[in-house]
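A.B. asks: Structure file upload38.pdb (PDB, C-alpha atoms, pLDDT in the B column) is given on the next line.
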```pdb
ATOM      1  CA  GLU A 262     -30.414 -56.981   7.515  1.00 42.00           C
ATOM      2  CA  SER A 263     -29.598 -57.842  11.107  1.00 45.00           C
ATOM      3  CA  ALA A 264     -32.575 -60.207  11.121  1.00 48.00           C
ATOM      4  CA  VAL A 265     -31.236 -61.877   7.982  1.00 45.00           C
ATOM      5  CA  SER A 266     -27.786 -62.220   9.556  1.00 47.00           C
ATOM      6  CA  ARG A 267     -29.245 -63.833  12.674  1.00 47.00           C
ATOM      7  CA  PHE A 268     -31.251 -66.203  10.494  1.00 42.00           C
ATOM      8  CA  ILE A 269     -28.129 -67.302   8.586  1.00 43.00           C
ATOM      9  CA  GLN A 270     -26.167 -67.716  11.837  1.00 49.00           C
ATOM     10  CA  MET A 271     -28.947 -69.929  13.214  1.00 48.00           C
ATOM     11  CA  GLY A 272     -28.745 -72.074  10.078  1.00 48.00           C
ATOM     12  CA  SER A 273     -24.967 -72.294  10.342  1.00 51.00           C
ATOM     13  CA  SER A 274     -25.192 -73.442  13.979  1.00 54.00           C
ATOM     14  CA  ALA A 275     -27.759 -76.085  13.077  1.00 52.00           C
ATOM     15  CA  ARG A 276     -25.552 -77.355  10.256  1.00 52.00           C
ATOM     16  CA  LYS A 277     -22.496 -77.651  12.525  1.00 56.00           C
ATOM     17  CA  ALA A 278     -24.515 -79.512  15.159  1.00 56.00           C
ATOM     18  CA  PHE A 279     -25.747 -81.950  12.528  1.00 52.00           C
ATOM     19  CA  GLU A 280     -22.194 -82.500  11.212  1.00 56.00           C
ATOM     20  CA  ASN A 281     -20.859 -83.320  14.693  1.00 60.00           C
ATOM     21  CA  ASN A 282     -23.671 -85.776  15.400  1.00 58.00           C
ATOM     22  CA  ALA A 283     -23.416 -87.385  11.949  1.00 53.00           C
ATOM     23  CA  ARG A 284     -19.672 -87.977  12.296  1.00 57.00           C
ATOM     24  CA  ARG A 285     -20.264 -89.886  15.525  1.00 57.00           C
ATOM     25  CA  VAL A 286     -23.163 -91.948  14.171  1.00 51.00           C
ATOM     26  CA  PHE A 287     -21.909 -92.455  10.584  1.00 51.00           C
ATOM     27  CA  PRO A 288     -18.111 -92.258  10.689  1.00 53.00           C
ATOM     28  CA  ASP A 289     -17.815 -93.768   7.180  1.00 53.00           C
ATOM     29  CA  GLY A 290     -20.633 -91.768   5.579  1.00 54.00           C
ATOM     30  CA  LEU A 291     -18.568 -88.734   4.519  1.00 51.00           C
ATOM     31  CA  GLY A 292     -19.924 -88.797   0.977  1.00 55.00           C
ATOM     32  CA  ARG A 293     -23.503 -88.696   2.159  1.00 54.00           C
ATOM     33  CA  LEU A 294     -22.599 -86.063   4.738  1.00 51.00           C
ATOM     34  CA  ASN A 295     -21.014 -83.801   2.103  1.00 57.00           C
ATOM     35  CA  SER A 296     -24.032 -84.222  -0.171  1.00 55.00           C
ATOM     36  CA  PHE A 297     -26.315 -83.239   2.669  1.00 51.00           C
ATOM     37  CA  LYS A 298     -24.109 -80.222   3.477  1.00 52.00           C
ATOM     38  CA  LYS A 299     -24.378 -78.956  -0.095  1.00 52.00           C
ATOM     39  CA  PHE A 300     -28.152 -79.468  -0.102  1.00 51.00           C
ATOM     40  CA  PHE A 301     -28.510 -77.779   3.296  1.00 49.00           C
ATOM     41  CA  GLU A 302     -26.420 -74.759   2.264  1.00 51.00           C
ATOM     42  CA  GLN A 303     -28.496 -74.295  -0.905  1.00 49.00           C
ATOM     43  CA  LYS A 304     -31.716 -74.381   1.101  1.00 50.00           C
ATOM     44  CA  MET A 305     -30.386 -71.956   3.712  1.00 50.00           C
ATOM     45  CA  THR A 306     -29.239 -69.538   1.018  1.00 47.00           C
ATOM     46  CA  GLY A 307     -32.624 -69.697  -0.659  1.00 50.00           C
ATOM     47  CA  LEU A 308     -34.474 -69.169   2.611  1.00 52.00           C
ATOM     48  CA  SER A 309     -32.284 -66.195   3.485  1.00 49.00           C
ATOM     49  CA  CYS A 310     -33.091 -64.695   0.066  1.00 50.00           C
ATOM     50  CA  LEU A 311     -36.793 -65.148   0.736  1.00 49.00           C
ATOM     51  CA  LEU A 312     -36.416 -63.472   4.122  1.00 51.00           C
ATOM     52  CA  THR A 313     -34.577 -60.564   2.520  1.00 47.00           C
ATOM     53  CA  LEU A 314     -37.392 -60.237  -0.017  1.00 46.00           C
ATOM     54  CA  PHE A 315     -39.951 -60.140   2.796  1.00 48.00           C
ATOM     55  CA  LEU A 316     -38.082 -57.638   4.981  1.00 50.00           C
ATOM     56  CA  ASN A 317     -36.769 -55.361   2.252  1.00 51.00           C
ATOM     57  CA  PRO A 318     -38.355 -56.001  -1.161  1.00 48.00           C
ATOM     58  CA  GLU A 319     -36.858 -52.882  -2.780  1.00 47.00           C
ATOM     59  CA  LYS A 320     -33.289 -54.118  -2.223  1.00 48.00           C
ATOM     60  CA  SER A 321     -33.821 -57.826  -2.806  1.00 48.00           C
ATOM     61  CA  ARG A 322     -33.129 -57.737  -6.552  1.00 53.00           C
ATOM     62  CA  PRO A 323     -29.962 -56.414  -8.230  1.00 54.00           C
ATOM     63  CA  ALA A 324     -29.944 -53.760 -10.946  1.00 66.00           C
ATOM     64  CA  ILE A 325     -31.586 -54.639 -14.261  1.00 78.00           C
ATOM     65  CA  TYR A 326     -29.617 -57.467 -15.863  1.00 84.00           C
ATOM     66  CA  THR A 327     -28.139 -56.321 -19.193  1.00 89.00           C
ATOM     67  CA  ARG A 328     -25.919 -58.061 -21.737  1.00 92.00           C
ATOM     68  CA  ARG A 329     -24.531 -56.939 -25.092  1.00 94.00           C
ATOM     69  CA  THR A 330     -23.450 -59.550 -27.630  1.00 95.00           C
ATOM     70  CA  ARG A 331     -22.862 -59.848 -31.381  1.00 95.00           C
ATOM     71  CA  ILE A 332     -25.056 -62.099 -33.539  1.00 95.00           C
ATOM     72  CA  ARG A 333     -24.107 -63.950 -36.739  1.00 94.00           C
ATOM     73  CA  ASP A 334     -24.684 -61.060 -39.150  1.00 94.00           C
ATOM     74  CA  GLY A 335     -22.509 -58.728 -37.078  1.00 95.00           C
ATOM     75  CA  ARG A 336     -25.273 -56.689 -35.474  1.00 96.00           C
ATOM     76  CA  ILE A 337     -25.218 -55.947 -31.748  1.00 97.00           C
ATOM     77  CA  LEU A 338     -27.958 -57.585 -29.694  1.00 97.00           C
ATOM     78  CA  GLN A 339     -28.729 -56.003 -26.333  1.00 97.00           C
ATOM     79  CA  ILE A 340     -30.534 -58.290 -23.921  1.00 97.00           C
ATOM     80  CA  LYS A 341     -31.979 -56.800 -20.767  1.00 94.00           C
ATOM     81  CA  GLU A 342     -34.670 -57.460 -18.218  1.00 93.00           C
ATOM     82  CA  ALA A 343     -37.928 -55.742 -19.094  1.00 93.00           C
ATOM     83  CA  ALA A 344     -38.622 -52.378 -17.484  1.00 92.00           C
ATOM     84  CA  GLU A 345     -42.018 -50.800 -16.941  1.00 92.00           C
ATOM     85  CA  GLN A 346     -41.521 -48.369 -19.838  1.00 93.00           C
ATOM     86  CA  ASP A 347     -41.270 -51.365 -22.208  1.00 94.00           C
ATOM     87  CA  ALA A 348     -44.883 -52.428 -21.572  1.00 93.00           C
ATOM     88  CA  GLY A 349     -46.452 -50.822 -24.660  1.00 92.00           C
ATOM     89  CA  GLN A 350     -43.820 -52.138 -27.084  1.00 93.00           C
ATOM     90  CA  LEU A 351     -44.002 -55.583 -25.515  1.00 92.00           C
ATOM     91  CA  ILE A 352     -47.750 -55.800 -26.080  1.00 90.00           C
ATOM     92  CA  GLN A 353     -47.314 -54.736 -29.708  1.00 90.00           C
ATOM     93  CA  TYR A 354     -44.431 -57.209 -30.212  1.00 91.00           C
ATOM     94  CA  MET A 355     -46.486 -60.161 -28.980  1.00 87.00           C
ATOM     95  CA  SER A 356     -49.444 -59.124 -31.124  1.00 83.00           C
ATOM     96  CA  ASP A 357     -47.227 -58.921 -34.230  1.00 86.00           C
ATOM     97  CA  ARG A 358     -45.837 -62.438 -33.681  1.00 84.00           C
ATOM     98  CA  LYS A 359     -49.128 -64.325 -33.663  1.00 78.00           C
ATOM     99  CA  ASN A 360     -49.287 -64.817 -37.452  1.00 78.00           C
ATOM    100  CA  GLU A 361     -45.582 -65.499 -38.041  1.00 82.00           C
ATOM    101  CA  THR A 362     -45.363 -69.137 -36.982  1.00 78.00           C
ATOM    102  CA  ARG A 363     -47.637 -72.056 -36.167  1.00 73.00           C
ATOM    103  CA  PHE A 364     -45.354 -73.121 -33.319  1.00 74.00           C
ATOM    104  CA  LEU A 365     -45.924 -70.154 -31.020  1.00 71.00           C
ATOM    105  CA  SER A 366     -49.029 -70.181 -28.855  1.00 61.00           C
ATOM    106  CA  ILE A 367     -50.198 -66.600 -28.376  1.00 56.00           C
ATOM    107  CA  ASP A 368     -53.532 -65.462 -27.039  1.00 55.00           C
ATOM    108  CA  PRO A 369     -55.411 -63.852 -29.984  1.00 53.00           C
ATOM    109  CA  THR A 370     -56.473 -61.084 -27.601  1.00 53.00           C
ATOM    110  CA  ALA A 371     -52.838 -60.210 -26.793  1.00 54.00           C
ATOM    111  CA  LYS A 372     -53.227 -56.716 -28.251  1.00 56.00           C
ATOM    112  CA  ASP A 373     -56.157 -56.109 -25.906  1.00 67.00           C
ATOM    113  CA  ILE A 374     -53.967 -56.447 -22.790  1.00 77.00           C
ATOM    114  CA  SER A 375     -53.895 -53.107 -21.004  1.00 86.00           C
ATOM    115  CA  ILE A 376     -50.691 -51.180 -20.393  1.00 89.00           C
ATOM    116  CA  GLU A 377     -51.502 -51.208 -16.673  1.00 91.00           C
ATOM    117  CA  ASN A 378     -51.725 -55.017 -16.530  1.00 90.00           C
ATOM    118  CA  GLU A 379     -48.488 -55.422 -18.483  1.00 91.00           C
ATOM    119  CA  ILE A 380     -46.717 -52.975 -16.166  1.00 92.00           C
ATOM    120  CA  ARG A 381     -48.017 -54.959 -13.201  1.00 91.00           C
ATOM    121  CA  PHE A 382     -46.646 -58.180 -14.707  1.00 89.00           C
ATOM    122  CA  ILE A 383     -43.229 -56.619 -15.386  1.00 91.00           C
ATOM    123  CA  ARG A 384     -43.120 -55.225 -11.858  1.00 89.00           C
ATOM    124  CA  THR A 385     -43.919 -58.673 -10.440  1.00 86.00           C
ATOM    125  CA  CYS A 386     -41.017 -60.196 -12.407  1.00 85.00           C
ATOM    126  CA  ARG A 387     -38.640 -57.494 -11.212  1.00 83.00           C
ATOM    127  CA  ARG A 388     -39.543 -58.080  -7.550  1.00 80.00           C
ATOM    128  CA  SER A 389     -39.302 -61.857  -7.761  1.00 78.00           C
ATOM    129  CA  LEU A 390     -36.241 -63.984  -7.123  1.00 75.00           C
ATOM    130  CA  TYR A 391     -37.660 -66.762  -9.285  1.00 79.00           C
ATOM    131  CA  HIS A 392     -39.170 -65.085 -12.363  1.00 86.00           C
ATOM    132  CA  THR A 393     -37.634 -62.943 -15.065  1.00 90.00           C
ATOM    133  CA  LEU A 394     -38.585 -61.358 -18.362  1.00 93.00           C
ATOM    134  CA  PHE A 395     -35.868 -60.674 -20.960  1.00 96.00           C
ATOM    135  CA  ILE A 396     -36.201 -58.554 -24.086  1.00 96.00           C
ATOM    136  CA  GLY A 397     -33.767 -58.644 -26.996  1.00 97.00           C
ATOM    137  CA  TRP A 398     -33.126 -55.323 -28.743  1.00 97.00           C
ATOM    138  CA  ILE A 399     -31.268 -54.417 -31.934  1.00 97.00           C
ATOM    139  CA  LYS A 400     -30.925 -50.646 -31.806  1.00 92.00           C
ATOM    140  CA  ASN A 401     -34.468 -49.541 -30.893  1.00 91.00           C
ATOM    141  CA  GLU A 402     -36.244 -52.586 -32.323  1.00 95.00           C
ATOM    142  CA  MET A 403     -37.606 -55.335 -30.073  1.00 96.00           C
ATOM    143  CA  VAL A 404     -36.591 -58.601 -31.750  1.00 97.00           C
ATOM    144  CA  SER A 405     -36.992 -61.263 -29.055  1.00 96.00           C
ATOM    145  CA  TYR A 406     -38.764 -62.077 -25.820  1.00 92.00           C
ATOM    146  CA  LEU A 407     -38.052 -64.688 -23.133  1.00 95.00           C
ATOM    147  CA  ALA A 408     -40.115 -65.238 -20.001  1.00 93.00           C
ATOM    148  CA  PHE A 409     -38.992 -67.582 -17.215  1.00 93.00           C
ATOM    149  CA  ARG A 410     -41.073 -68.691 -14.263  1.00 88.00           C
ATOM    150  CA  SER A 411     -40.190 -71.140 -11.510  1.00 83.00           C
ATOM    151  CA  ASN A 412     -42.556 -73.828 -10.266  1.00 71.00           C
ATOM    152  CA  PHE A 413     -45.346 -72.636  -7.971  1.00 64.00           C
ATOM    153  CA  TRP A 414     -44.928 -75.441  -5.425  1.00 63.00           C
ATOM    154  CA  GLN A 415     -42.229 -74.786  -2.827  1.00 63.00           C
ATOM    155  CA  ARG A 416     -40.687 -78.246  -3.075  1.00 65.00           C
ATOM    156  CA  MET A 417     -40.318 -77.741  -6.837  1.00 67.00           C
ATOM    157  CA  MET A 418     -39.188 -74.112  -6.858  1.00 66.00           C
ATOM    158  CA  HIS A 419     -35.701 -75.186  -7.932  1.00 75.00           C
ATOM    159  CA  THR A 420     -37.171 -75.891 -11.395  1.00 83.00           C
ATOM    160  CA  GLY A 421     -38.697 -73.481 -13.874  1.00 87.00           C
ATOM    161  CA  GLU A 422     -40.015 -73.239 -17.419  1.00 90.00           C
ATOM    162  CA  PHE A 423     -39.453 -70.601 -20.076  1.00 92.00           C
ATOM    163  CA  THR A 424     -41.074 -69.475 -23.299  1.00 90.00           C
ATOM    164  CA  LEU A 425     -39.220 -67.753 -26.128  1.00 92.00           C
ATOM    165  CA  SER A 426     -39.950 -66.006 -29.396  1.00 91.00           C
ATOM    166  CA  VAL A 427     -37.856 -64.286 -32.083  1.00 94.00           C
ATOM    167  CA  SER A 428     -39.286 -62.039 -34.809  1.00 94.00           C
ATOM    168  CA  LYS A 429     -39.447 -63.944 -38.102  1.00 92.00           C
ATOM    169  CA  ARG A 430     -37.135 -61.668 -40.074  1.00 93.00           C
ATOM    170  CA  ASN A 431     -34.421 -62.338 -37.486  1.00 95.00           C
ATOM    171  CA  TRP A 432     -34.602 -66.134 -37.604  1.00 92.00           C
ATOM    172  CA  GLY A 433     -31.324 -67.898 -38.277  1.00 91.00           C
ATOM    173  CA  THR A 434     -29.161 -65.163 -36.743  1.00 94.00           C
ATOM    174  CA  GLY A 435     -28.450 -66.956 -33.447  1.00 94.00           C
ATOM    175  CA  ILE A 436     -30.694 -64.709 -31.331  1.00 95.00           C
ATOM    176  CA  ALA A 437     -32.536 -67.655 -29.729  1.00 93.00           C
ATOM    177  CA  LYS A 438     -29.246 -69.162 -28.557  1.00 92.00           C
ATOM    178  CA  LYS A 439     -28.094 -65.813 -27.147  1.00 95.00           C
ATOM    179  CA  MET A 440     -31.355 -65.375 -25.249  1.00 95.00           C
ATOM    180  CA  VAL A 441     -31.171 -68.854 -23.705  1.00 93.00           C
ATOM    181  CA  ASP A 442     -27.476 -68.348 -22.862  1.00 93.00           C
ATOM    182  CA  THR A 443     -28.496 -65.198 -20.995  1.00 93.00           C
ATOM    183  CA  LEU A 444     -31.182 -67.081 -19.076  1.00 92.00           C
ATOM    184  CA  ILE A 445     -28.626 -69.732 -18.088  1.00 89.00           C
ATOM    185  CA  GLN A 446     -26.257 -67.027 -16.822  1.00 88.00           C
ATOM    186  CA  TRP A 447     -29.096 -65.416 -14.863  1.00 87.00           C
ATOM    187  CA  THR A 448     -30.237 -68.695 -13.273  1.00 84.00           C
ATOM    188  CA  CYS A 449     -26.647 -69.594 -12.317  1.00 79.00           C
ATOM    189  CA  GLN A 450     -26.679 -66.501 -10.075  1.00 76.00           C
ATOM    190  CA  SER A 451     -29.782 -67.791  -8.329  1.00 69.00           C
ATOM    191  CA  ALA A 452     -29.562 -69.495  -4.969  1.00 66.00           C
ATOM    192  CA  MET A 453     -32.365 -71.910  -5.829  1.00 73.00           C
ATOM    193  CA  ILE A 454     -32.879 -72.510  -9.580  1.00 81.00           C
ATOM    194  CA  ARG A 455     -31.215 -75.802 -10.523  1.00 84.00           C
ATOM    195  CA  GLN A 456     -33.142 -76.898 -13.606  1.00 88.00           C
ATOM    196  CA  ILE A 457     -34.795 -75.078 -16.510  1.00 91.00           C
ATOM    197  CA  LYS A 458     -37.366 -76.618 -18.842  1.00 91.00           C
ATOM    198  CA  PHE A 459     -38.815 -75.858 -22.240  1.00 88.00           C
ATOM    199  CA  ARG A 460     -41.964 -77.175 -23.920  1.00 88.00           C
ATOM    200  CA  VAL A 461     -41.734 -77.578 -27.706  1.00 88.00           C
ATOM    201  CA  ARG A 462     -43.842 -79.207 -30.404  1.00 86.00           C
ATOM    202  CA  SER A 463     -42.260 -82.416 -31.686  1.00 87.00           C
ATOM    203  CA  ASP A 464     -42.383 -81.169 -35.295  1.00 87.00           C
ATOM    204  CA  ASN A 465     -40.504 -77.946 -34.473  1.00 87.00           C
ATOM    205  CA  GLU A 466     -37.182 -79.394 -35.602  1.00 88.00           C
ATOM    206  CA  ARG A 467     -35.383 -76.038 -35.758  1.00 86.00           C
ATOM    207  CA  ALA A 468     -36.050 -75.280 -32.086  1.00 87.00           C
ATOM    208  CA  ILE A 469     -35.228 -78.823 -30.949  1.00 89.00           C
ATOM    209  CA  ALA A 470     -31.846 -78.659 -32.732  1.00 89.00           C
ATOM    210  CA  VAL A 471     -31.016 -75.331 -31.045  1.00 87.00           C
ATOM    211  CA  TYR A 472     -31.814 -76.618 -27.568  1.00 89.00           C
ATOM    212  CA  LYS A 473     -29.908 -79.853 -28.056  1.00 91.00           C
ATOM    213  CA  LYS A 474     -26.807 -77.811 -28.909  1.00 89.00           C
ATOM    214  CA  LEU A 475     -27.290 -75.921 -25.649  1.00 88.00           C
ATOM    215  CA  GLY A 476     -27.324 -79.171 -23.662  1.00 91.00           C
ATOM    216  CA  PHE A 477     -31.063 -79.687 -23.195  1.00 94.00           C
ATOM    217  CA  VAL A 478     -32.240 -83.296 -23.121  1.00 92.00           C
ATOM    218  CA  HIS A 479     -35.622 -84.783 -23.945  1.00 90.00           C
ATOM    219  CA  THR A 480     -37.412 -85.731 -20.709  1.00 86.00           C
ATOM    220  CA  ARG A 481     -40.822 -86.883 -21.867  1.00 85.00           C
ATOM    221  CA  SER A 482     -43.524 -86.354 -24.495  1.00 85.00           C
ATOM    222  CA  TRP A 483     -47.213 -85.616 -24.199  1.00 77.00           C
ATOM    223  CA  VAL A 484     -50.091 -84.838 -26.534  1.00 77.00           C
ATOM    224  CA  TRP A 485     -51.921 -81.554 -26.202  1.00 66.00           C
ATOM    225  CA  ASP A 486     -54.270 -79.772 -28.565  1.00 66.00           C
ATOM    226  CA  PRO A 487     -53.776 -82.102 -30.670  1.00 74.00           C
ATOM    227  CA  PHE A 488     -50.008 -81.996 -31.229  1.00 78.00           C
ATOM    228  CA  GLU A 489     -47.288 -84.000 -29.532  1.00 85.00           C
ATOM    229  CA  HIS A 490     -45.004 -81.868 -27.382  1.00 86.00           C
ATOM    230  CA  ARG A 491     -41.595 -82.585 -25.926  1.00 88.00           C
ATOM    231  CA  ILE A 492     -40.443 -81.475 -22.507  1.00 89.00           C
ATOM    232  CA  MET A 493     -36.727 -80.697 -22.652  1.00 91.00           C
ATOM    233  CA  HIS A 494     -34.656 -79.764 -19.610  1.00 89.00           C
ATOM    234  CA  LEU A 495     -31.202 -78.563 -18.677  1.00 91.00           C
ATOM    235  CA  THR A 496     -29.698 -79.249 -15.242  1.00 89.00           C
ATOM    236  CA  LEU A 497     -27.455 -76.419 -14.057  1.00 81.00           C
TER
END
```
Just give me the structure of the file as structure tokens.
C.D. replies:
Amino acid sequence: ESAVSRFIQMGSSARKAFENNARRVFPDGLGRLNSFKKFFEQKMTGLSCLLTLFLNPEKSRPAIYTRRTRIRDGRILQIKEAAEQDAGQLIQYMSDRKNETRFLSIDPTAKDISIENEIRFIRTCRRSLYHTLFIGWIKNEMVSYLAFRSNFWQRMMHTGEFTLSVSKRNWGTGIAKKMVDTLIQWTCQSAMIRQIKFRVRSDNERAIAVYKKLGFVHTRSWVWDPFEHRIMHLTL
């Protein structure tokens, strides 16, 4: 942690030096200076998080994120980050969803994924500052799944995309909205994530209506396999 503290102090000194020089060179550019300060502080916070992850990966992530909320029919939905012991149920959940809707793209071999590989994937999400995997539970039943992953390229790591599913018999209960609300809360705690995206087929009117209510806007459209898809995003 002392190395992290020194790193942050170095960044703070560099920022102050820049501010002093900028005030002399651009005395009227306070707006631009403040914008740069905000950008610089975000980058320094993100870099310090990465350094913490490198030096002490076991302490870089907080405890498993958990949220309890009530859905439209009065039942309690518990949303929490996936744990390794959820691997078997998660594989079965994804396999069960593949015939419920034409809008969800699931690998037909999903049931063939090994428990070991799923545990490895969950562990990777838990150790990452930029990926997460949420599961929605009603009592002991898995009813929803949301996976979020930030962009691979460093200059685009402030953006990320998520995929979401809800079991068919729980459609219309507001679970999708609760899951996305939870993702938004989680990303707002991040030092780097500033925009989340979602890819949806243009004829999936139910999903598009839900995301519009949450503030997502249509960015662009593209044709793939052979349907038209919309890219919708939300700036945090």
A.B. asks: Around the point (-41.2, -69.3, -37.3) in the file's coordinates, collect all residues with an atom within 12 Å, using only C-alpha atoms, and return them as an MDAnalysis selection string.
C.D. replies: chainID A and resid 358:366 425:433 437 465:468
A.B. asks: Quote the spacing between atom CA of Leu338 of chain A and atom CA of Lys439 of chain A in Å to one decimal place.
C.D. replies: 8.6 Å
A.B. asks: Rounded to one decimal in Å, what is the spacing between atom CA of Lys438 of chain A and atom CA of Met493 of chain A?
C.D. replies: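 Separating atom CA of Lys438 of chain A from atom CA of Met493 of chain A is a distance of 15.0 Å.
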A.B. asks: Measuring atom to atom with only C-alpha atoms, identify which of A:Thr327, A:Ile332, A:Ala343, A:Gly421 is nearest to Arg388 of chain A.
C.D. replies: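 Closest residue, counting only C-alpha atoms: A:Ala343.
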A.B. asks: Please indicate the distance in Å from atom CA of His392 of chain A to atom CA of Phe459 of chain A, rounded to one decimal place.
C.D. replies: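 Computing the Euclidean distance for atom CA of His392 of chain A and atom CA of Phe459 of chain A yields 14.6 Å.
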A.B. asks: Counting only C-alpha atoms, which of A:Leu351, A:Arg462, A:Thr496, A:Ile469 gets nearest to Val484 of chain A?
C.D. replies: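 Counting only C-alpha atoms, the residue closest to Val484 of chain A is A:Arg462.
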A.B. asks: Please write the residues picked by the PyMOL selection byres ((chain A and resi 400-410) around 10) on this file as a ChimeraX atom specification.
C.D. replies: /A:336-343,347,350-351,353-355,386,389-399,411-413,418,420-432,436-437,440-441,443-444,448,457-459
A.B. asks: Evaluate the PyMOL selection byres ((chain A and resi 477) around 7) against this structure - the residues, as a count of residues only, please.
C.D. replies: 9
A.B. asks: With all atoms listed in the file as the counted atoms, please give the residues lying no more than 10 Å from Ser463 of chain A, apart from itself and same-chain residues fewer than 6 positions off, as a ChimeraX atom specification.
C.D. replies: /A:364,469,482-484,488-492
